[in-house]
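J.: One structure follows; several queries about it will come next.
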Amino acid sequence: MTSEDLIVGIDLGTTNSLVGVVESGFPILLADENGRRIVPSVVHYPADGSPALVGEPAQRRHALAPDRTIASVKRLMGRRIEELSATEKDALDSTVVAGPGQWAEIALEANRHLRPEEVSAEILRRLKAVAEAALEQPVTRAVITVPAYFNDAQRQATVRAGELAGLTVERIVNEPTAAALAYGLGHTGASSRVAVYDFGGGTFDLSLLQIQDGVFTVIATNGDTRLGGDDLDQALAGWLLRQSGLTDAPGLTAQVRLLEASRTAKEALSSEDSTVVRLPFLEAGRSLECTVTRADFETLARPIVERTRRHCLRALSDAGILDPATELDAVVLVGGSTRIPLVRRVVAEIFGQEPDTSQPPDEAVALGAAVQAGILCGRVRQVLLMDVTPLSLGIETFGGLMNVIIPRNTTIPAKAGEMFTNAMTDQPAMLIRVLQGERELAKDNWELGRLDIDFPPGPKGSARVGVQFNIDANGILTVLARDTATMTDRILEIRDAAVDVDDERVEAMIAESIDHAWEDMTERQWTEARLKSDELIPAVRQALDSIGLDLPAPERDGILTALLAVEAAAAAEPHDLPRLKQANQALDEATEGLAARLVEKALDDAFGGP
Ligand code: ADP
Ligand code: MG
């Protein structure tokens, strides 16, 4: 195999990154000159301007030069400044500023701003060098994994990071899918359903997969991009401060040291019952020394770990799995945080069965990425791999409602479309807002982009605009709008500039859609009833004007009363949905005779169609 054919698999993690390939039919991870396979996702920019340091050497400088050292940059990839919470900015220790287009950047120095993909590119360059040294050949092509919840902008930023590092990104793969592939290769035989529980340093993902005859299908995913081991470190650090009576807010260097010590203690507590944290001269000559027991840690960790439960339950319900204990053949653990005994107990509780721990949890994603790379370059016999859309995609329709075109958990690549028409007479153009999310109202969902399509003027309902959504194998969305009268096409590729995300955060989206399900449904029904009244009122008025006098007086009065009742119900505050629905229906019934006469008189156009 020549070097041009070789493709490596990369787990570009928030906390740790790894690179692997398939050799002689088996995925292996590549180690650096010191035999280490895990590269901490930390980049240090020396003050003297010499090349950036990546991994362990950068991590060692973190405490000394926190302002020149960047960790967890993945949280900033493809994100706008207004999307970031204060906690997220704090978690970085770097100054986050708004760059062009409001994209988040890191201010290294007053006049040196770094885009997150430039920082990620340093990590990828390092992994590329590790792979080239280990394989003794050039490496130019890669498969890179991302969390299932990464949106288009975040995936695009990841592709750009690869390109900056001199890698052609052949495929972006969801992390849980890659991990399942790593576990799945070991599983042979009959059809099975598997849950992948990935609890890493910065993200949590749960995926449910169907595996049959070497075909992997993701049947549901759910998760939170801001939930991971970092939260446990923070919780423990806070506890340590309180225990030691060091109440002053520690400086940046002390904070970094404290977090490092907390992480070490947390990791030790996965195998020991207690550990001692010693931080000499932590702040203003004062030292911290404290014993932490596993029980202490579990008390702190419990509420954080519990937050994964609702995501698991949601995915199970999406997949129609009522009894995971009997319907799931395995639950596999992924991510370093699943080494924590408490996490394993919670997982066993949620799924009613002991999790499978046959793979090293922090290496599974990279192993799966290597397998996917191996498939692409022909080193592994073809295994079909299907992914799903984590959130629904659609467009805004009349009345501000979300019209779903591709529902969440649809297997990708996927293509779907619908025909739309003009809501108003002589409307010159239609604005198509592309939305992502689970809420019933357009305004509560993410706007991914918008495009305008012109059409020749005509009566209401005369235009025919086809809207097609196409998601490719990388989860990248192309929207095509076509005016069928003129065959004019407008194409929107969801690129950076087009991504206009509102305040809602994707990880909160699903939780919110559950919390607001009742309200949203009522709101949707109200909007639909309102639209119906808005259509009825002018149509009935117009009909009364033209042929009202032909009607018997009692019938005419009946219609007028019903009409006024609809108007009153539509204007009533607070909204009274049953009242409006009933008034609409009464008006419908009262105007039956009127409608018949209109038809007779061939005045149906005046009524706005049948
Ligand atoms: P990511 O995918 O987010 O980059 P990893 O899967 O490598 O992260 O997991 C990193 C997280 O796992 C860190 O928070 C780290 O502290 C935690 N971790 C690693 N080993 C252990 C352990 N033995 N016990 C508890 N947590 C661990
Ligand atoms: Mg990971």
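Going through the structure tokens in order, the chains are called A, B, and so on, while each chain numbers its residues from 1 and the ligands are numbered from 1 in the order shown.
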Which residues in segment 434-563 of chain A does DSSP call helix (DSSP H, G or I)? List them as JSON, numbers by chain.

T.: {"A": [442, 443, 444, 496, 497, 498, 506, 507, 508, 509, 510, 511, 512, 513, 514, 515, 517, 518, 519, 520, 521, 522, 523, 524, 525, 526, 527, 528, 529, 530, 531, 532, 533, 534, 535, 536, 537, 538, 539, 540, 541, 542, 543, 544, 545, 546, 547, 548, 549, 550, 553, 554, 555, 556, 557, 558, 559, 560, 561, 562, 563]}

J.: Do you have, as JSON lines, the list of residues of chain A lying at most 7 Å from ligand 1, each with its nearest atom pair and that distance in Å to one decimal, counting only C-alpha atoms and all ligand atoms and ordered by chain then number?

T.:
{"residue": "A:Gly13", "atom": "CA", "partner": "ligand 1", "partner_atom_place_in_ligand_line": "4 (O)", "distance": 3.4}
{"residue": "A:Thr14", "atom": "CA", "partner": "ligand 1", "partner_atom_place_in_ligand_line": "4 (O)", "distance": 4.0}
{"residue": "A:Thr15", "atom": "CA", "partner": "ligand 1", "partner_atom_place_in_ligand_line": "4 (O)", "distance": 3.5}
{"residue": "A:Asn16", "atom": "CA", "partner": "ligand 1", "partner_atom_place_in_ligand_line": "4 (O)", "distance": 3.9}
{"residue": "A:Ser17", "atom": "CA", "partner": "ligand 1", "partner_atom_place_in_ligand_line": "4 (O)", "distance": 6.2}
{"residue": "A:Phe199", "atom": "CA", "partner": "ligand 1", "partner_atom_place_in_ligand_line": "6 (O)", "distance": 6.6}
{"residue": "A:Gly200", "atom": "CA", "partner": "ligand 1", "partner_atom_place_in_ligand_line": "8 (O)", "distance": 3.8}
{"residue": "A:Gly201", "atom": "CA", "partner": "ligand 1", "partner_atom_place_in_ligand_line": "3 (O)", "distance": 3.5}
{"residue": "A:Gly202", "atom": "CA", "partner": "ligand 1", "partner_atom_place_in_ligand_line": "3 (O)", "distance": 4.5}
{"residue": "A:Thr203", "atom": "CA", "partner": "ligand 1", "partner_atom_place_in_ligand_line": "3 (O)", "distance": 5.7}
{"residue": "A:Gly228", "atom": "CA", "partner": "ligand 1", "partner_atom_place_in_ligand_line": "14 (O)", "distance": 6.4}
{"residue": "A:Gly229", "atom": "CA", "partner": "ligand 1", "partner_atom_place_in_ligand_line": "14 (O)", "distance": 3.4}
{"residue": "A:Asp230", "atom": "CA", "partner": "ligand 1", "partner_atom_place_in_ligand_line": "14 (O)", "distance": 5.1}
{"residue": "A:Arg263", "atom": "CA", "partner": "ligand 1", "partner_atom_place_in_ligand_line": "16 (O)", "distance": 5.2}
{"residue": "A:Lys266", "atom": "CA", "partner": "ligand 1", "partner_atom_place_in_ligand_line": "25 (C)", "distance": 5.6}
{"residue": "A:Glu267", "atom": "CA", "partner": "ligand 1", "partner_atom_place_in_ligand_line": "24 (N)", "distance": 3.6}
{"residue": "A:Ala268", "atom": "CA", "partner": "ligand 1", "partner_atom_place_in_ligand_line": "23 (N)", "distance": 6.4}
{"residue": "A:Leu269", "atom": "CA", "partner": "ligand 1", "partner_atom_place_in_ligand_line": "24 (N)", "distance": 6.9}
{"residue": "A:Ser270", "atom": "CA", "partner": "ligand 1", "partner_atom_place_in_ligand_line": "24 (N)", "distance": 4.8}
{"residue": "A:Val334", "atom": "CA", "partner": "ligand 1", "partner_atom_place_in_ligand_line": "6 (O)", "distance": 6.7}
{"residue": "A:Gly335", "atom": "CA", "partner": "ligand 1", "partner_atom_place_in_ligand_line": "6 (O)", "distance": 3.2}
{"residue": "A:Gly336", "atom": "CA", "partner": "ligand 1", "partner_atom_place_in_ligand_line": "12 (O)", "distance": 3.2}
{"residue": "A:Ser337", "atom": "CA", "partner": "ligand 1", "partner_atom_place_in_ligand_line": "26 (N)", "distance": 4.0}
{"residue": "A:Thr338", "atom": "CA", "partner": "ligand 1", "partner_atom_place_in_ligand_line": "26 (N)", "distance": 6.8}
{"residue": "A:Arg339", "atom": "CA", "partner": "ligand 1", "partner_atom_place_in_ligand_line": "24 (N)", "distance": 4.8}
{"residue": "A:Ile340", "atom": "CA", "partner": "ligand 1", "partner_atom_place_in_ligand_line": "25 (C)", "distance": 4.9}
{"residue": "A:Pro361", "atom": "CA", "partner": "ligand 1", "partner_atom_place_in_ligand_line": "6 (O)", "distance": 6.8}
{"residue": "A:Asp362", "atom": "CA", "partner": "ligand 1", "partner_atom_place_in_ligand_line": "6 (O)", "distance": 4.3}

J.: Name the closest residue to ligand 2 among the candidates A:Thr158, A:Thr95, A:Asn174, A:Thr140; distances are taken between atoms, counting only C-alpha atoms and all ligand atoms.

T.: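 Counting only C-alpha atoms and all ligand atoms, the residue closest to ligand 2 is A:Asn174.
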
J.: Neighbouring residues of Leu76 of chain A were defined as those with any atom within 10 Å, considering only C-alpha atoms; residues of the same chain fewer than 5 positions away were excluded. Please report them as a list of chain:residue names.

T.: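 Skipping anything fewer than 5 positions along the chain leaves A:Ile81, A:Glu83, A:Leu84, A:Glu88, A:Lys89, A:Leu92, A:Val96, A:Trp103, A:Ala104, A:Glu105, A:Ile106, A:Arg115, A:Pro116, A:Glu117, A:Gln154, A:Ala157.
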
J.: Go ahead and dump the residues you just picked, N, CA and C atoms, as an mmCIF file, in the first residue's frame.

T.:
data_model
loop_
_atom_site.group_PDB
_atom_site.id
_atom_site.type_symbol
_atom_site.label_atom_id
_atom_site.label_comp_id
_atom_site.auth_asym_id
_atom_site.auth_seq_id
_atom_site.Cartn_x
_atom_site.Cartn_y
_atom_site.Cartn_z
ATOM 1 N N ILE A 81 -19.541 33.484 19.860
ATOM 2 C CA ILE A 81 -19.279 33.992 21.200
ATOM 3 C C ILE A 81 -20.541 33.974 22.058
ATOM 4 N N GLU A 83 -22.968 32.005 22.004
ATOM 5 C CA GLU A 83 -23.448 30.669 22.355
ATOM 6 C C GLU A 83 -22.755 30.138 23.604
ATOM 7 N N LEU A 84 -21.646 30.753 23.968
ATOM 8 C CA LEU A 84 -20.833 30.200 25.048
ATOM 9 C C LEU A 84 -21.290 30.704 26.403
ATOM 10 N N GLU A 88 -18.246 27.809 30.322
ATOM 11 C CA GLU A 88 -17.441 27.295 29.226
ATOM 12 C C GLU A 88 -16.204 28.161 29.012
ATOM 13 N N LYS A 89 -16.399 29.472 29.089
ATOM 14 C CA LYS A 89 -15.258 30.369 28.894
ATOM 15 C C LYS A 89 -14.240 30.167 30.017
ATOM 16 N N LEU A 92 -11.734 27.245 30.001
ATOM 17 C CA LEU A 92 -10.624 27.304 29.064
ATOM 18 C C LEU A 92 -9.378 27.975 29.605
ATOM 19 N N VAL A 96 -11.383 34.411 25.783
ATOM 20 C CA VAL A 96 -12.156 34.156 24.570
ATOM 21 C C VAL A 96 -12.710 35.481 24.073
ATOM 22 N N TRP A 103 -17.431 34.694 15.559
ATOM 23 C CA TRP A 103 -16.931 33.368 15.921
ATOM 24 C C TRP A 103 -15.956 33.514 17.083
ATOM 25 N N ALA A 104 -16.007 32.563 18.009
ATOM 26 C CA ALA A 104 -15.143 32.624 19.180
ATOM 27 C C ALA A 104 -13.682 32.439 18.772
ATOM 28 N N GLU A 105 -12.811 33.269 19.328
ATOM 29 C CA GLU A 105 -11.369 33.150 19.125
ATOM 30 C C GLU A 105 -10.689 33.261 20.480
ATOM 31 N N ILE A 106 -9.400 32.915 20.491
ATOM 32 C CA ILE A 106 -8.645 33.001 21.732
ATOM 33 C C ILE A 106 -7.617 34.119 21.589
ATOM 34 N N ARG A 115 -7.706 31.299 15.948
ATOM 35 C CA ARG A 115 -8.981 30.647 15.702
ATOM 36 C C ARG A 115 -8.885 29.240 16.305
ATOM 37 N N PRO A 116 -10.001 28.708 16.854
ATOM 38 C CA PRO A 116 -9.946 27.383 17.482
ATOM 39 C C PRO A 116 -9.396 26.327 16.533
ATOM 40 N N GLU A 117 -9.716 26.439 15.234
ATOM 41 C CA GLU A 117 -9.227 25.407 14.315
ATOM 42 C C GLU A 117 -7.713 25.468 14.136
ATOM 43 N N GLN A 154 -19.554 23.233 13.541
ATOM 44 C CA GLN A 154 -18.515 22.562 14.329
ATOM 45 C C GLN A 154 -17.813 21.478 13.502
ATOM 46 N N ALA A 157 -15.543 23.278 11.019
ATOM 47 C CA ALA A 157 -14.324 23.772 11.679
ATOM 48 C C ALA A 157 -13.335 22.621 11.859
#

J.: Leaving out Val292 of chain A and any residue of its chain fewer than 2 positions from it, which residues lie within 7 Å of it when counting only C-alpha atoms, given as a PyMOL selection string?

T.: chain A and resi 274-276+290+294+296-297

J.: Write a file of the just-selected residues containing all heavy atoms, as a compact mmCIF listing (two decimals), in the first residue's frame.

T.:
# COMPACT_ATOMS: atom_id res chain seq x y z
N SER A 274 -9.26 5.76 49.13
CA SER A 274 -9.04 7.15 49.52
C SER A 274 -7.68 7.61 48.99
O SER A 274 -6.84 6.79 48.62
CB SER A 274 -9.11 7.31 51.05
OG SER A 274 -7.87 6.98 51.63
N THR A 275 -7.50 8.92 48.94
CA THR A 275 -6.26 9.47 48.41
C THR A 275 -6.00 10.80 49.11
O THR A 275 -6.92 11.42 49.66
CB THR A 275 -6.34 9.64 46.87
OG1 THR A 275 -5.06 10.02 46.39
CG2 THR A 275 -7.35 10.70 46.46
N VAL A 276 -4.73 11.21 49.10
CA VAL A 276 -4.39 12.47 49.75
C VAL A 276 -3.97 13.48 48.69
O VAL A 276 -3.17 13.18 47.81
CB VAL A 276 -3.24 12.27 50.77
CG1 VAL A 276 -2.91 13.60 51.48
CG2 VAL A 276 -3.62 11.21 51.80
N CYS A 290 -5.22 17.48 52.07
CA CYS A 290 -6.57 17.02 52.36
C CYS A 290 -6.74 15.57 51.93
O CYS A 290 -6.25 15.17 50.87
CB CYS A 290 -7.54 17.91 51.58
SG CYS A 290 -9.23 17.77 52.07
N ARG A 294 -13.38 7.80 48.63
CA ARG A 294 -14.23 7.55 47.48
C ARG A 294 -15.68 7.96 47.79
O ARG A 294 -16.38 8.48 46.94
CB ARG A 294 -14.17 6.08 47.08
CG ARG A 294 -14.90 5.84 45.77
CD ARG A 294 -14.97 4.39 45.38
NE ARG A 294 -13.67 3.89 44.91
CZ ARG A 294 -13.47 2.63 44.53
NH1 ARG A 294 -14.46 1.76 44.56
NH2 ARG A 294 -12.28 2.25 44.12
N ASP A 296 -16.62 10.44 49.75
CA ASP A 296 -16.70 11.91 49.60
C ASP A 296 -16.90 12.25 48.13
O ASP A 296 -17.75 13.06 47.76
CB ASP A 296 -15.39 12.60 50.04
CG ASP A 296 -15.12 12.47 51.53
OD1 ASP A 296 -16.10 12.38 52.29
OD2 ASP A 296 -13.93 12.45 51.90
N PHE A 297 -16.05 11.63 47.31
CA PHE A 297 -16.08 11.93 45.88
C PHE A 297 -17.43 11.55 45.27
O PHE A 297 -17.99 12.29 44.47
CB PHE A 297 -14.93 11.22 45.16
CG PHE A 297 -15.00 11.39 43.67
CD1 PHE A 297 -14.79 12.63 43.07
CD2 PHE A 297 -15.29 10.30 42.85
CE1 PHE A 297 -14.89 12.78 41.70
CE2 PHE A 297 -15.38 10.44 41.48
CZ PHE A 297 -15.18 11.69 40.91

J.: From the list A:Thr410, A:Ala261, A:Ala348, A:Val130, which residue is nearest Val218 of chain A when using only C-alpha atoms?

T.: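 Looking only at the distances to Val218 of chain A, the closest residue turns out to be A:Thr410.
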
J.: Find the residues near Val21 of chain A: any atom within 7 Å, counting only C-alpha atoms, skip ones fewer than 5 places away on the same chain, and give them as number ranges by chain.

T.: A: 8-9, 27-29, 370, 374

J.: Next, the residues of the selection above should be written as a PDB file, in the first residue's frame with C-alpha atoms.

T.:
ATOM      1  CA  VAL A   8      -5.390   7.157   9.628  1.00  0.00           C
ATOM      2  CA  GLY A   9      -8.202   7.404  12.175  1.00  0.00           C
ATOM      3  CA  PRO A  27      -6.923  -1.613  14.443  1.00  0.00           C
ATOM      4  CA  ILE A  28      -3.950  -0.408  16.484  1.00  0.00           C
ATOM      5  CA  LEU A  29      -3.130   2.892  18.130  1.00  0.00           C
ATOM      6  CA  ALA A 370      -8.974   3.532  12.638  1.00  0.00           C
ATOM      7  CA  GLY A 374      -9.312   1.058   7.207  1.00  0.00           C
TER       8      GLY A 374
END
